[in-house]
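This report refers to the structure that appears directly beneath it.
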Amino acid sequence: MVCDKCEKKLGKVVTPDPWKSGARNTTEGGGRKVGENKALSGKKTRFSPYQSSFARCKICRQNVHQQGSHYCQGCAYKKGICAMCGKKIIQTTNYRQSST
């Protein structure tokens with residue numbers, strides 16, 4: 001769960017999404033260039049499994065699997081915050097939050 005501002009920072013997938021409406025990685029909407037080499041263009045947002053240390057969640061200290069995030073998806077869901085910047089997205093006081 002990320003906010004609108006941090007949605008621009010998310011990485012794009014190499015293959016186009018077959019579900020066109022609402023997809024960020026199609027060629028029609030300007031999200032992806034035709035003939036673009038993703039191995040050369042997106043080094044900053046690409047996930048690298050061979051790096052020496054992974055980022056850790058600020059709350060539970062678990063490894064974060066999203067590039068540029070400071071909170072894991074479980075903690076972001078429970079707290080109602082953006083996983084990248086920590087901005088409050090939803091008011092969770094009246095919700096019955098469960099991680100399962």
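Residues are referred to by chain and number: the chain letter is A, B, ... according to the order shown in the structure tokens, the number counts from 1 in that chain, and ligands are numbered separately from 1 in the order shown.
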
- Item | Residues within 9 Å of stretch 52-61 of chain A, only C-alpha atoms, excluding chain neighbours under 3 positions, as an NGL selection string | :A and (49 or 64-72 or 75)

Output file for the selection above: all heavy atoms, as a compact mmCIF listing (two decimals), in the first residue's frame:
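Output (part_14.txt):
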# COMPACT_ATOMS: atom_id res chain seq x y z
N PRO A 49 18.69 -9.02 -5.99
CA PRO A 49 18.77 -10.03 -4.94
C PRO A 49 20.20 -10.30 -4.46
O PRO A 49 20.39 -10.95 -3.45
CB PRO A 49 18.19 -11.28 -5.62
CG PRO A 49 18.44 -11.07 -7.05
CD PRO A 49 18.35 -9.58 -7.29
N VAL A 64 12.55 -5.91 4.02
CA VAL A 64 11.57 -5.29 3.15
C VAL A 64 11.87 -5.73 1.73
O VAL A 64 13.01 -5.69 1.29
CB VAL A 64 11.65 -3.75 3.26
CG1 VAL A 64 10.72 -3.10 2.27
CG2 VAL A 64 11.33 -3.31 4.67
N HIS A 65 10.86 -6.18 0.98
CA HIS A 65 11.07 -6.72 -0.35
C HIS A 65 10.76 -5.74 -1.46
O HIS A 65 10.85 -6.09 -2.62
CB HIS A 65 10.21 -7.97 -0.54
CG HIS A 65 10.56 -9.06 0.42
ND1 HIS A 65 11.76 -9.71 0.38
CD2 HIS A 65 9.89 -9.58 1.46
CE1 HIS A 65 11.81 -10.60 1.35
NE2 HIS A 65 10.68 -10.55 2.02
N GLN A 66 10.39 -4.49 -1.12
CA GLN A 66 10.09 -3.49 -2.13
C GLN A 66 11.20 -2.45 -2.11
O GLN A 66 11.53 -1.92 -1.06
CB GLN A 66 8.74 -2.85 -1.82
CG GLN A 66 8.21 -2.02 -2.93
CD GLN A 66 6.81 -1.53 -2.59
OE1 GLN A 66 6.44 -1.43 -1.42
NE2 GLN A 66 6.03 -1.23 -3.60
N GLN A 67 11.78 -2.19 -3.28
CA GLN A 67 12.89 -1.26 -3.39
C GLN A 67 12.45 0.15 -2.99
O GLN A 67 11.45 0.65 -3.46
CB GLN A 67 13.39 -1.25 -4.84
CG GLN A 67 14.75 -0.65 -5.01
CD GLN A 67 15.86 -1.55 -4.47
OE1 GLN A 67 15.64 -2.71 -4.18
NE2 GLN A 67 17.03 -1.00 -4.35
N GLY A 68 13.17 0.78 -2.07
CA GLY A 68 12.87 2.14 -1.65
C GLY A 68 11.88 2.25 -0.51
O GLY A 68 11.54 3.34 -0.09
N SER A 69 11.40 1.13 0.02
CA SER A 69 10.42 1.16 1.11
C SER A 69 11.11 1.12 2.46
O SER A 69 12.20 0.55 2.60
CB SER A 69 9.47 -0.02 1.01
OG SER A 69 8.67 0.10 -0.12
N HIS A 70 10.45 1.70 3.45
CA HIS A 70 10.96 1.69 4.81
C HIS A 70 10.14 0.81 5.74
O HIS A 70 10.56 0.53 6.86
CB HIS A 70 10.99 3.11 5.37
CG HIS A 70 11.88 4.03 4.61
ND1 HIS A 70 13.25 3.92 4.62
CD2 HIS A 70 11.60 5.06 3.78
CE1 HIS A 70 13.78 4.84 3.85
NE2 HIS A 70 12.80 5.55 3.33
N TYR A 71 8.96 0.39 5.28
CA TYR A 71 8.08 -0.44 6.09
C TYR A 71 7.66 -1.66 5.29
O TYR A 71 7.46 -1.57 4.08
CB TYR A 71 6.82 0.34 6.49
CG TYR A 71 7.13 1.61 7.25
CD1 TYR A 71 7.18 2.83 6.61
CD2 TYR A 71 7.39 1.56 8.61
CE1 TYR A 71 7.48 3.98 7.30
CE2 TYR A 71 7.69 2.70 9.31
CZ TYR A 71 7.73 3.92 8.66
OH TYR A 71 8.04 5.05 9.35
N CYS A 72 7.53 -2.82 5.96
CA CYS A 72 7.06 -4.02 5.27
C CYS A 72 5.56 -3.89 5.00
O CYS A 72 4.88 -3.05 5.60
CB CYS A 72 7.37 -5.27 6.09
SG CYS A 72 6.49 -5.39 7.65
N CYS A 75 3.19 -4.39 8.22
CA CYS A 75 3.13 -3.25 9.15
C CYS A 75 2.41 -2.06 8.51
O CYS A 75 1.68 -1.34 9.19
CB CYS A 75 4.54 -2.84 9.57
SG CYS A 75 5.34 -4.05 10.62

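Going from atom CA of A:Tyr50 over to atom CA of A:Cys6, you cover 24.7 Å.
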
Separating atom CA of A:Cys82 from atom CA of A:Leu40, to the nearest tenth of an Å, is a gap of 28.5 Å
